[in-house]
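With mmCIF, C-alpha atoms inside, this is my_file-v4.cif:
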data_upload
loop_
_atom_site.label_atom_id
_atom_site.label_comp_id
_atom_site.auth_asym_id
_atom_site.auth_seq_id
_atom_site.Cartn_x
_atom_site.Cartn_y
_atom_site.Cartn_z
CA MET T 27 -16.41 -6.51 -6.23
CA ALA T 28 -15.94 -4.19 -9.17
CA ALA T 29 -15.55 -5.64 -12.63
CA PRO T 30 -12.03 -5.66 -14.13
CA ILE T 31 -10.97 -3.13 -16.74
CA SER T 32 -11.54 -4.71 -20.11
CA SER T 33 -11.40 -2.08 -22.83
CA LEU T 34 -10.56 1.48 -23.68
CA ALA T 35 -13.43 3.62 -24.84
CA SER T 36 -12.40 6.49 -27.07
CA SER T 37 -13.88 9.89 -26.40
CA ALA T 38 -13.57 13.34 -27.90
CA THR T 39 -10.99 15.72 -26.54
CA ALA T 40 -12.57 18.58 -24.65
CA ALA T 41 -10.96 22.01 -24.46
CA VAL T 42 -11.14 23.53 -20.99
CA ALA T 43 -10.28 27.10 -20.04
CA ALA T 44 -7.19 27.07 -17.88
CA PRO T 45 -6.37 30.13 -15.78
CA SER T 46 -2.87 29.51 -14.47
CA SER T 47 -3.79 30.64 -10.97
CA ASP T 48 -5.91 27.61 -10.15
CA GLY T 49 -4.49 24.92 -12.42
CA HIS T 50 -7.58 24.14 -14.55
CA LEU T 51 -7.51 21.38 -17.14
CA ARG T 52 -5.76 21.94 -20.42
CA PRO T 53 -6.84 20.16 -23.64
CA SER T 54 -5.87 16.51 -23.44
CA SER T 55 -6.72 13.18 -24.97
CA HIS T 56 -9.36 11.61 -22.72
CA LEU T 57 -8.79 7.98 -21.80
CA ALA T 58 -11.75 6.10 -20.39
CA PHE T 59 -12.10 2.50 -19.32
CA SER T 60 -15.33 0.62 -19.82
CA LYS T 61 -16.46 -1.85 -17.20
CA SER T 62 -17.22 -5.42 -18.18
CA PRO T 63 -18.44 -8.59 -16.47
CA ALA T 64 -15.93 -10.63 -14.57
CA GLY T 65 -14.09 -13.05 -16.81
CA ALA T 66 -14.38 -10.91 -19.93
CA SER T 67 -11.40 -10.71 -22.23
CA ARG T 68 -8.68 -8.30 -21.23
CA GLY T 69 -8.30 -5.15 -23.30
CA LYS T 70 -5.47 -2.78 -24.04
CA LEU T 71 -4.84 0.90 -23.48
CA SER T 72 -3.66 3.29 -26.10
CA CYS T 73 -2.42 6.78 -25.48
CA SER T 74 -0.96 9.38 -27.79
CA ALA T 75 0.08 11.81 -25.07
CA THR T 76 3.56 13.27 -25.42
CA ALA T 77 6.02 12.20 -22.75
CA HIS T 78 6.71 14.86 -20.15
CA THR T 79 10.14 15.78 -18.86
CA VAL T 80 10.73 14.34 -15.41
CA SER T 81 11.02 16.79 -12.57
CA ALA T 82 13.99 15.41 -10.74
CA ALA T 83 16.62 13.21 -12.38
CA PRO T 84 15.48 9.67 -11.69
CA SER T 85 17.97 6.94 -12.48
CA GLN T 86 17.58 5.11 -15.75
CA THR T 87 18.54 1.73 -17.11
CA ASN T 88 20.73 1.25 -20.14
CA GLN T 89 17.59 0.48 -22.17
CA GLY T 90 16.83 3.89 -23.65
CA THR T 91 14.75 6.05 -21.36
CA ARG T 92 13.13 3.34 -19.21
CA LEU T 93 13.32 4.48 -15.61
CA LYS T 94 15.08 2.12 -13.22
CA ASP T 95 13.05 3.01 -10.13
CA PHE T 96 9.50 3.83 -9.01
CA LEU T 97 9.96 6.73 -6.59
CA HIS T 98 7.45 9.44 -7.59
CA ILE T 99 4.40 9.15 -9.83
CA ASP T 100 5.36 12.22 -11.84
CA ASP T 101 8.68 10.65 -12.85
CA PHE T 102 6.58 8.84 -15.47
CA ASP T 103 4.56 10.22 -18.35
CA LYS T 104 0.83 9.74 -18.75
CA GLN T 105 1.16 6.96 -21.31
CA THR T 106 3.42 4.90 -19.05
CA LEU T 107 1.19 5.36 -15.99
CA LEU T 108 -1.89 4.24 -17.91
CA SER T 109 0.04 1.33 -19.39
CA ILE T 110 0.99 0.18 -15.87
CA LEU T 111 -2.65 0.48 -14.76
CA ASN T 112 -3.76 -1.56 -17.76
CA ARG T 113 -1.17 -4.22 -16.94
CA ALA T 114 -2.46 -4.27 -13.35
CA ALA T 115 -5.98 -5.02 -14.61
CA GLU T 116 -4.69 -7.74 -16.95
CA VAL T 117 -2.64 -9.50 -14.28
CA LYS T 118 -5.48 -9.17 -11.75
CA SER T 119 -7.77 -10.91 -14.22
CA ILE T 120 -5.24 -13.71 -14.74
CA LEU T 121 -4.78 -14.28 -11.01
CA LYS T 122 -8.53 -14.36 -10.41
CA SER T 123 -9.26 -16.61 -13.40
CA GLY T 124 -7.47 -19.65 -12.00
CA GLU T 125 -4.67 -19.38 -14.56
CA GLY T 126 -2.35 -17.82 -11.99
CA SER T 127 -0.53 -21.04 -11.08
CA SER T 128 0.93 -21.25 -14.58
CA TYR T 129 1.61 -17.51 -14.85
CA GLN T 130 5.01 -16.98 -13.22
CA PRO T 131 6.85 -14.14 -14.98
CA LEU T 132 9.03 -13.53 -11.91
CA LYS T 133 10.10 -17.14 -11.40
CA GLY T 134 13.62 -17.27 -9.99
CA LYS T 135 13.54 -13.59 -8.96
CA SER T 136 14.02 -12.32 -5.41
CA MET T 137 12.99 -9.04 -3.77
CA ALA T 138 14.38 -7.44 -0.61
CA MET T 139 11.69 -5.58 1.38
CA ILE T 140 13.04 -2.96 3.79
CA PHE T 141 10.60 -1.87 6.51
CA ALA T 142 11.73 1.02 8.69
CA LYS T 143 7.98 1.58 9.17
CA PRO T 144 5.87 -1.54 9.80
CA SER T 145 2.72 -2.11 7.73
CA MET T 146 0.30 -4.98 7.29
CA ARG T 147 -0.96 -3.96 3.83
CA THR T 148 2.41 -3.05 2.36
CA ARG T 149 4.13 -6.22 3.52
CA VAL T 150 1.35 -8.65 2.66
CA SER T 151 0.50 -7.07 -0.69
CA PHE T 152 4.12 -6.98 -1.89
CA GLU T 153 5.13 -10.36 -0.47
CA THR T 154 1.98 -12.16 -1.65
CA GLY T 155 2.02 -10.45 -5.03
CA PHE T 156 5.68 -11.30 -5.69
CA PHE T 157 5.03 -14.90 -4.64
CA LYS T 158 1.97 -15.22 -6.90
CA LEU T 159 4.11 -14.06 -9.83
CA GLY T 160 6.67 -16.79 -9.09
CA GLY T 161 9.24 -14.87 -7.06
CA HIS T 162 10.53 -14.89 -3.50
CA ALA T 163 10.37 -11.85 -1.19
CA ILE T 164 12.56 -11.32 1.88
CA TYR T 165 11.29 -9.24 4.80
CA LEU T 166 13.84 -7.00 6.52
CA GLY T 167 12.29 -5.29 9.55
CA PRO T 168 13.44 -2.32 11.64
CA ASN T 169 15.72 -4.56 13.71
CA ASP T 170 17.26 -6.23 10.66
CA ILE T 171 18.36 -3.07 8.87
CA GLN T 172 19.00 0.30 10.48
CA MET T 173 20.00 2.37 7.50
CA GLY T 174 22.14 5.33 8.39
CA LYS T 175 22.70 4.00 11.91
CA ARG T 176 24.17 0.52 11.91
CA GLU T 177 25.13 0.67 8.24
CA GLU T 178 25.22 3.44 5.66
CA THR T 179 22.39 3.48 3.14
CA ARG T 180 24.78 3.37 0.18
CA ASP T 181 26.33 0.16 1.54
CA VAL T 182 22.93 -1.44 2.17
CA ALA T 183 21.89 -0.59 -1.39
CA ARG T 184 24.99 -2.12 -2.93
CA VAL T 185 24.91 -5.29 -0.84
CA LEU T 186 21.21 -5.99 -1.41
CA SER T 187 21.70 -5.38 -5.14
CA ARG T 188 24.23 -8.24 -5.22
CA TYR T 189 21.66 -10.65 -3.77
CA ASN T 190 18.33 -9.50 -5.20
CA ASP T 191 16.66 -8.46 -8.43
CA ILE T 192 14.61 -5.62 -6.93
CA ILE T 193 14.31 -3.67 -3.66
CA MET T 194 11.20 -2.22 -2.02
CA ALA T 195 11.55 0.13 0.94
CA ARG T 196 9.05 1.70 3.35
CA VAL T 197 10.93 4.37 5.26
CA PHE T 198 10.51 7.63 7.14
CA ALA T 199 12.87 10.14 5.50
CA HIS T 200 12.37 10.63 1.78
CA GLN T 201 16.13 11.07 1.36
CA ASP T 202 16.57 7.42 2.37
CA ILE T 203 14.62 6.18 -0.67
CA LEU T 204 16.52 8.59 -2.94
CA ASP T 205 19.85 7.33 -1.60
CA LEU T 206 18.81 3.70 -1.97
CA ALA T 207 17.89 4.29 -5.60
CA LYS T 208 21.09 6.23 -6.26
CA TYR T 209 23.40 3.48 -5.07
CA ALA T 210 21.39 0.34 -5.93
CA SER T 211 22.11 -1.32 -9.25
CA VAL T 212 18.65 -2.95 -9.27
CA PRO T 213 15.21 -1.26 -9.36
CA VAL T 214 13.99 0.39 -6.15
CA ILE T 215 10.30 0.87 -5.32
CA ASN T 216 9.09 3.51 -2.90
CA GLY T 217 6.76 1.64 -0.55
CA LEU T 218 6.13 4.88 1.40
CA THR T 219 8.07 7.83 2.76
CA ASP T 220 7.03 10.76 4.89
CA TYR T 221 6.79 12.76 1.65
CA ASN T 222 4.83 10.49 -0.69
CA HIS T 223 3.13 7.11 -1.22
CA PRO T 224 3.06 6.43 -4.98
CA CYS T 225 2.04 2.76 -4.83
CA GLN T 226 -1.08 3.65 -2.84
CA ILE T 227 -2.21 6.24 -5.37
CA MET T 228 -1.67 3.82 -8.29
CA ALA T 229 -3.94 1.37 -6.47
CA ASP T 230 -6.44 4.18 -5.88
CA ALA T 231 -6.44 5.13 -9.56
CA LEU T 232 -7.01 1.50 -10.54
CA THR T 233 -9.95 1.29 -8.12
CA ILE T 234 -11.55 4.50 -9.39
CA ILE T 235 -11.25 3.29 -12.97
CA GLU T 236 -12.87 -0.03 -12.07
CA HIS T 237 -15.84 1.66 -10.40
CA ILE T 238 -16.35 4.81 -12.47
CA GLY T 239 -14.87 3.74 -15.79
CA HIS T 240 -12.17 6.43 -15.96
CA ILE T 241 -10.14 8.73 -13.74
CA GLU T 242 -9.74 11.66 -16.11
CA ASN T 243 -12.05 14.59 -15.35
CA THR T 244 -13.35 13.06 -12.13
CA LYS T 245 -13.54 15.13 -8.95
CA VAL T 246 -11.53 13.64 -6.08
CA VAL T 247 -11.93 15.37 -2.70
CA TYR T 248 -9.51 14.53 0.09
CA VAL T 249 -10.65 15.59 3.56
CA GLY T 250 -8.05 15.62 6.33
CA ASP T 251 -4.33 16.21 6.87
CA GLY T 252 -2.25 17.44 3.91
CA ASN T 253 0.11 14.47 4.14
CA ASN T 254 2.06 12.09 1.90
CA ILE T 255 -1.16 10.75 0.37
CA VAL T 256 -2.10 14.26 -0.73
CA HIS T 257 1.36 14.83 -2.17
CA SER T 258 1.04 11.72 -4.32
CA TRP T 259 -2.41 12.78 -5.54
CA LEU T 260 -0.92 16.14 -6.51
CA LEU T 261 1.91 14.44 -8.39
CA LEU T 262 -0.58 12.26 -10.26
CA ALA T 263 -2.47 15.43 -11.14
CA CYS T 264 0.70 16.67 -12.86
CA LYS T 265 0.25 13.92 -15.45
CA ILE T 266 -3.43 12.92 -15.66
CA PRO T 267 -6.21 15.56 -15.76
CA PHE T 268 -8.77 15.51 -12.97
CA HIS T 269 -10.16 17.89 -10.36
CA PHE T 270 -8.37 17.44 -7.04
CA VAL T 271 -9.48 19.20 -3.86
CA CYS T 272 -7.75 18.96 -0.47
CA ALA T 273 -9.96 20.20 2.39
CA CYS T 274 -7.87 20.58 5.53
CA PRO T 275 -7.70 22.80 8.63
CA LYS T 276 -5.54 25.90 8.40
CA GLY T 277 -1.98 25.01 9.26
CA PHE T 278 -2.30 21.44 7.96
CA GLU T 279 -2.04 22.17 4.22
CA PRO T 280 0.14 19.99 1.96
CA ASP T 281 3.67 20.99 0.97
CA HIS T 282 3.50 24.38 -0.79
CA ASN T 283 6.06 23.51 -3.47
CA THR T 284 4.19 20.34 -4.40
CA VAL T 285 0.90 22.25 -4.66
CA GLU T 286 2.53 24.86 -6.90
CA LYS T 287 4.12 22.17 -9.02
CA ALA T 288 0.72 20.58 -9.65
CA LYS T 289 -0.87 23.93 -10.48
CA LYS T 290 1.95 25.00 -12.78
CA ALA T 291 1.75 21.71 -14.68
CA GLY T 292 -1.56 23.03 -16.03
CA ILE T 293 -3.01 19.53 -16.35
CA SER T 294 -5.54 19.39 -13.51
CA LYS T 295 -7.70 21.74 -11.49
CA ILE T 296 -6.16 21.97 -8.00
CA GLU T 297 -7.83 23.45 -4.93
CA ILE T 298 -6.61 23.64 -1.32
CA VAL T 299 -9.51 24.76 0.89
CA ASN T 300 -10.57 24.82 4.53
CA ASP T 301 -14.31 24.09 4.23
CA PRO T 302 -15.09 20.36 3.79
CA LYS T 303 -18.83 20.90 3.30
CA GLU T 304 -18.25 23.18 0.32
CA ALA T 305 -15.43 21.02 -1.01
CA VAL T 306 -17.37 17.75 -1.30
CA LYS T 307 -20.22 19.10 -3.42
CA GLY T 308 -20.35 17.19 -6.69
CA ALA T 309 -17.49 14.87 -5.75
CA ASP T 310 -17.04 11.53 -7.49
CA VAL T 311 -14.72 10.33 -4.72
CA ILE T 312 -14.33 11.43 -1.10
CA TYR T 313 -11.04 10.26 0.38
CA SER T 314 -9.75 10.19 3.95
CA ASP T 315 -6.73 9.14 5.98
CA VAL T 316 -5.84 9.13 9.67
CA TRP T 317 -5.32 12.57 11.21
CA ALA T 318 -2.15 11.47 13.06
CA SER T 319 0.18 9.33 10.97
CA MET T 320 2.89 7.01 12.24
CA GLY T 321 5.41 9.16 14.09
CA GLN T 322 2.71 11.72 15.01
CA LYS T 323 0.76 9.71 17.59
CA GLU T 324 1.87 11.97 20.41
CA GLU T 325 -0.07 14.72 18.60
CA ALA T 326 -3.26 12.67 18.31
CA GLU T 327 -5.33 14.52 20.92
CA PHE T 328 -4.16 17.92 19.71
CA ARG T 329 -5.00 16.98 16.14
CA LYS T 330 -8.49 15.79 17.09
CA GLN T 331 -9.19 19.29 18.37
CA GLN T 332 -7.73 20.94 15.28
CA PHE T 333 -9.62 18.66 12.89
CA GLU T 334 -13.03 19.17 14.48
CA GLY T 335 -15.58 19.41 11.68
CA PHE T 336 -13.45 17.40 9.25
CA GLN T 337 -14.82 13.94 10.09
CA ILE T 338 -16.38 12.19 7.11
CA ASP T 339 -19.81 11.18 8.35
CA GLU T 340 -23.12 10.35 6.76
CA ALA T 341 -24.14 14.02 6.68
CA LEU T 342 -21.03 15.00 4.70
CA MET T 343 -21.56 12.13 2.27
CA GLU T 344 -25.12 13.30 1.74
CA ILE T 345 -23.86 16.78 0.84
CA ALA T 346 -21.52 15.18 -1.70
CA GLY T 347 -24.44 13.55 -3.48
CA PRO T 348 -25.55 10.01 -4.33
CA LYS T 349 -22.78 9.26 -6.83
CA ALA T 350 -19.91 9.88 -4.39
CA LEU T 351 -17.72 6.90 -3.50
CA PHE T 352 -15.78 6.71 -0.24
CA MET T 353 -12.09 5.74 -0.14
CA HIS T 354 -9.59 5.37 2.69
CA CYS T 355 -6.01 4.09 2.42
CA LEU T 356 -6.32 2.28 5.79
CA PRO T 357 -5.78 1.67 8.61
CA ALA T 358 -8.78 3.75 9.67
CA GLU T 359 -9.58 5.07 13.11
CA ARG T 360 -13.32 4.52 13.02
CA GLY T 361 -15.15 7.22 14.89
CA VAL T 362 -12.30 9.70 14.40
CA GLU T 363 -11.67 10.76 10.79
CA VAL T 364 -14.56 8.64 9.49
CA THR T 365 -17.65 7.04 10.99
CA ASP T 366 -18.24 3.32 11.05
CA GLY T 367 -21.39 3.83 8.99
CA VAL T 368 -19.52 5.50 6.12
CA ILE T 369 -16.88 2.74 5.92
CA GLU T 370 -19.56 0.03 5.94
CA ALA T 371 -21.89 1.77 3.47
CA SER T 372 -22.59 0.35 0.02
CA ASN T 373 -20.72 3.20 -1.68
CA SER T 374 -17.54 2.52 0.32
CA ILE T 375 -14.86 0.89 -1.84
CA VAL T 376 -12.08 0.79 0.75
CA PHE T 377 -11.58 -2.98 0.56
CA ASP T 378 -11.46 -3.05 -3.25
CA GLN T 379 -8.90 -0.28 -2.82
CA ALA T 380 -6.88 -2.35 -0.33
CA GLU T 381 -6.93 -5.40 -2.61
CA ASN T 382 -5.72 -3.31 -5.53
CA ARG T 383 -2.53 -2.46 -3.67
CA MET T 384 -1.29 -5.91 -4.65
CA HIS T 385 -2.43 -5.70 -8.26
CA ALA T 386 -1.05 -2.21 -8.88
CA GLN T 387 2.25 -3.14 -7.27
CA ASN T 388 2.45 -6.33 -9.31
CA ALA T 389 2.25 -4.23 -12.47
CA ILE T 390 4.87 -1.80 -11.17
CA MET T 391 7.28 -4.65 -10.42
CA LEU T 392 6.68 -6.26 -13.82
CA HIS T 393 7.26 -2.92 -15.52
CA LEU T 394 10.53 -2.24 -13.72
CA LEU T 395 11.84 -5.75 -14.31
CA GLY T 396 10.74 -5.78 -17.96
CA ALA T 397 8.81 -8.98 -17.35
#
Go ahead and express the file in the form of structure tokens.
Amino acid sequence: MAAPISSLASSATAAVAAPSSDGHLRPSSHLAFSKSPAGASRGKLSCSATAHTVSAAPSQTNQGTRLKDFLHIDDFDKQTLLSILNRAAEVKSILKSGEGSSYQPLKGKSMAMIFAKPSMRTRVSFETGFFKLGGHAIYLGPNDIQMGKREETRDVARVLSRYNDIIMARVFAHQDILDLAKYASVPVINGLTDYNHPCQIMADALTIIEHIGHIENTKVVYVGDGNNIVHSWLLLACKIPFHFVCACPKGFEPDHNTVEKAKKAGISKIEIVNDPKEAVKGADVIYSDVWASMGQKEEAEFRKQQFEGFQIDEALMEIAGPKALFMHCLPAERGVEVTDGVIEASNSIVFDQAENRMHAQNAIMLHLLGA
């Protein structure tokens, strides 16, 4: 298990040439986390980065500019994202230290969890995390709520807001999460949509920081379908500088507008390529996901043919080099997008990554509730 984040190590700002065509890094304050033994005192983050203007118009509370909802990573500025990650490390340390039973910042709070798409990790991590922080979570499955069918989304949002302090939803259409947030009077968390998966990428960032010491200026290579995971990595790259590469077959690239948005932000180096062997060279992290997501299973055999050569196996990891870590958001289809040997290897951090879903989400909930 990786050691918790304990301190912020200052480092000099490096100027990097930034041709606008490929989105190279622009000068930025470099935040790095130093690793420490388990049980060490918890440190703080500091960041002097200027807040960025949000891309869409996320709803806000009456408390200044604090955003009400967690819908897209790039709704938040760099300082806020790193503050949430620091809080995640702090709360993780508390829960693992044995002090957790007396740490109940969400005591008396309730959360409604809407699941149009079922998920083991999302349900257990949110429900367990909310419980550990003193609150009570209510599961509402596909047969309990049929937003837009049995009842309009705006009505669901208003009713659940009368009963609960916060809402989390894992849905198909991205518009559903936007409508929930628009009409809910309490915070709404995006637990996943077909467009993005912000909670997963916050957990991924926390895991990379724990193992490498920082996320800035790392090289993250995603090999596979240009899906909602890729979109969230691109949105993170709009705020925190790192080198992100998506290696995918032609025709399976991520959303063009999201790619252009990340490039135009001028924060990170962004590459969309079709050669995984070239892409992984020098990678700090190699990342994979299933080739056929939920709702695409009828395409599974077709996709296996199209993704031939994109499996992450021991040979590809060897090309990446000895420092490369392997990540997967799970569930994995072993023997399809990744071999069993790669998942079980010593440089695989997929289960640290899975655990950190709970810790990252805990910090997000605490941030939104001001707890």
Which residues would end up in the selection if the PyMOL selection byres ((chain T and resi 312-318) around 10) were applied here, given that I need the answer as a count of residues only? 57
Apply the PyMOL selection byres ((chain T and resi 147) around 10) to the displayed file and report the matching residues as a list in words.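 Selected by the PyMOL selection byres ((chain T and resi 147) around 10) here: Pro144, Ser145, Met146, Thr148, Arg149, Val150, Ser151, Phe152, Glu153, Cys355, Leu356, Pro357, Ala380, Glu381, Arg383 and Met384 of chain T.
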Tell me, in Å to one decimal, how far atom CA of T:Ala397 is from atom CA of T:Gln130.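 These atoms are spaced 9.8 Å apart.
Distance-wise, atom CA of T:His385 and atom CA of T:Phe102 end up 18.6 Å apart.
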Closest to T:Lys265 among T:Asn190, T:Ile227, T:Leu93, T:Asp100, using all atoms listed in the file?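 With all atoms listed in the file as the atom set, the closest residue is T:Asp100.
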Would you fill the gaps in stretch 201-211 of chain T so it has all heavy atoms, then print it as a compact mmCIF listing (two decimals), in the frame of the given file?
# COMPACT_ATOMS: atom_id res chain seq x y z
N GLN T 201 14.75 11.15 1.84
CA GLN T 201 16.13 11.07 1.36
C GLN T 201 16.65 9.64 1.38
O GLN T 201 17.48 9.26 0.55
CB GLN T 201 17.04 11.97 2.21
CG GLN T 201 18.45 12.12 1.63
CD GLN T 201 18.45 12.75 0.26
OE1 GLN T 201 17.78 13.76 0.02
NE2 GLN T 201 19.20 12.17 -0.67
N ASP T 202 16.13 8.82 2.30
CA ASP T 202 16.57 7.42 2.37
C ASP T 202 16.22 6.67 1.08
O ASP T 202 17.03 5.88 0.58
CB ASP T 202 15.93 6.72 3.57
CG ASP T 202 16.56 7.14 4.89
OD1 ASP T 202 17.65 7.73 4.87
OD2 ASP T 202 15.94 6.88 5.95
N ILE T 203 15.02 6.89 0.55
CA ILE T 203 14.62 6.18 -0.67
C ILE T 203 15.42 6.70 -1.86
O ILE T 203 15.80 5.95 -2.77
CB ILE T 203 13.10 6.27 -0.91
CG1 ILE T 203 12.64 5.12 -1.84
CG2 ILE T 203 12.67 7.59 -1.53
CD1 ILE T 203 12.54 3.79 -1.18
N LEU T 204 15.72 8.01 -1.86
CA LEU T 204 16.52 8.59 -2.94
C LEU T 204 17.93 8.03 -2.91
O LEU T 204 18.51 7.70 -3.97
CB LEU T 204 16.55 10.11 -2.81
CG LEU T 204 15.21 10.84 -2.91
CD1 LEU T 204 15.41 12.35 -2.76
CD2 LEU T 204 14.50 10.53 -4.22
N ASP T 205 18.49 7.88 -1.72
CA ASP T 205 19.85 7.33 -1.60
C ASP T 205 19.89 5.85 -1.98
O ASP T 205 20.84 5.40 -2.64
CB ASP T 205 20.37 7.51 -0.18
CG ASP T 205 20.68 8.97 0.16
OD1 ASP T 205 20.78 9.78 -0.78
OD2 ASP T 205 20.79 9.28 1.36
N LEU T 206 18.88 5.11 -1.58
CA LEU T 206 18.81 3.70 -1.97
C LEU T 206 18.83 3.56 -3.48
O LEU T 206 19.57 2.76 -4.06
CB LEU T 206 17.54 3.05 -1.41
CG LEU T 206 17.59 2.36 -0.06
CD1 LEU T 206 16.19 1.89 0.33
CD2 LEU T 206 18.56 1.18 -0.07
N ALA T 207 17.99 4.36 -4.14
CA ALA T 207 17.89 4.29 -5.60
C ALA T 207 19.19 4.73 -6.27
O ALA T 207 19.62 4.16 -7.29
CB ALA T 207 16.73 5.15 -6.08
N LYS T 208 19.85 5.72 -5.69
CA LYS T 208 21.09 6.23 -6.26
C LYS T 208 22.18 5.17 -6.28
O LYS T 208 22.93 5.05 -7.27
CB LYS T 208 21.55 7.46 -5.47
CG LYS T 208 22.87 8.06 -5.96
CD LYS T 208 23.25 9.28 -5.13
CE LYS T 208 24.58 9.86 -5.60
NZ LYS T 208 24.97 11.06 -4.81
N TYR T 209 22.29 4.41 -5.20
CA TYR T 209 23.40 3.48 -5.07
C TYR T 209 23.05 2.04 -5.44
O TYR T 209 23.96 1.22 -5.64
CB TYR T 209 23.97 3.52 -3.65
CG TYR T 209 24.68 4.83 -3.36
CD1 TYR T 209 24.06 5.82 -2.60
CD2 TYR T 209 25.95 5.07 -3.86
CE1 TYR T 209 24.70 7.03 -2.34
CE2 TYR T 209 26.60 6.27 -3.60
CZ TYR T 209 25.97 7.26 -2.85
OH TYR T 209 26.61 8.45 -2.60
N ALA T 210 21.77 1.70 -5.55
CA ALA T 210 21.39 0.34 -5.93
C ALA T 210 21.56 0.15 -7.43
O ALA T 210 21.28 1.06 -8.21
CB ALA T 210 19.95 0.07 -5.53
N SER T 211 21.99 -1.01 -7.82
CA SER T 211 22.11 -1.32 -9.25
C SER T 211 20.87 -2.04 -9.77
O SER T 211 20.78 -2.32 -10.97
CB SER T 211 23.36 -2.18 -9.49
OG SER T 211 23.30 -3.38 -8.73
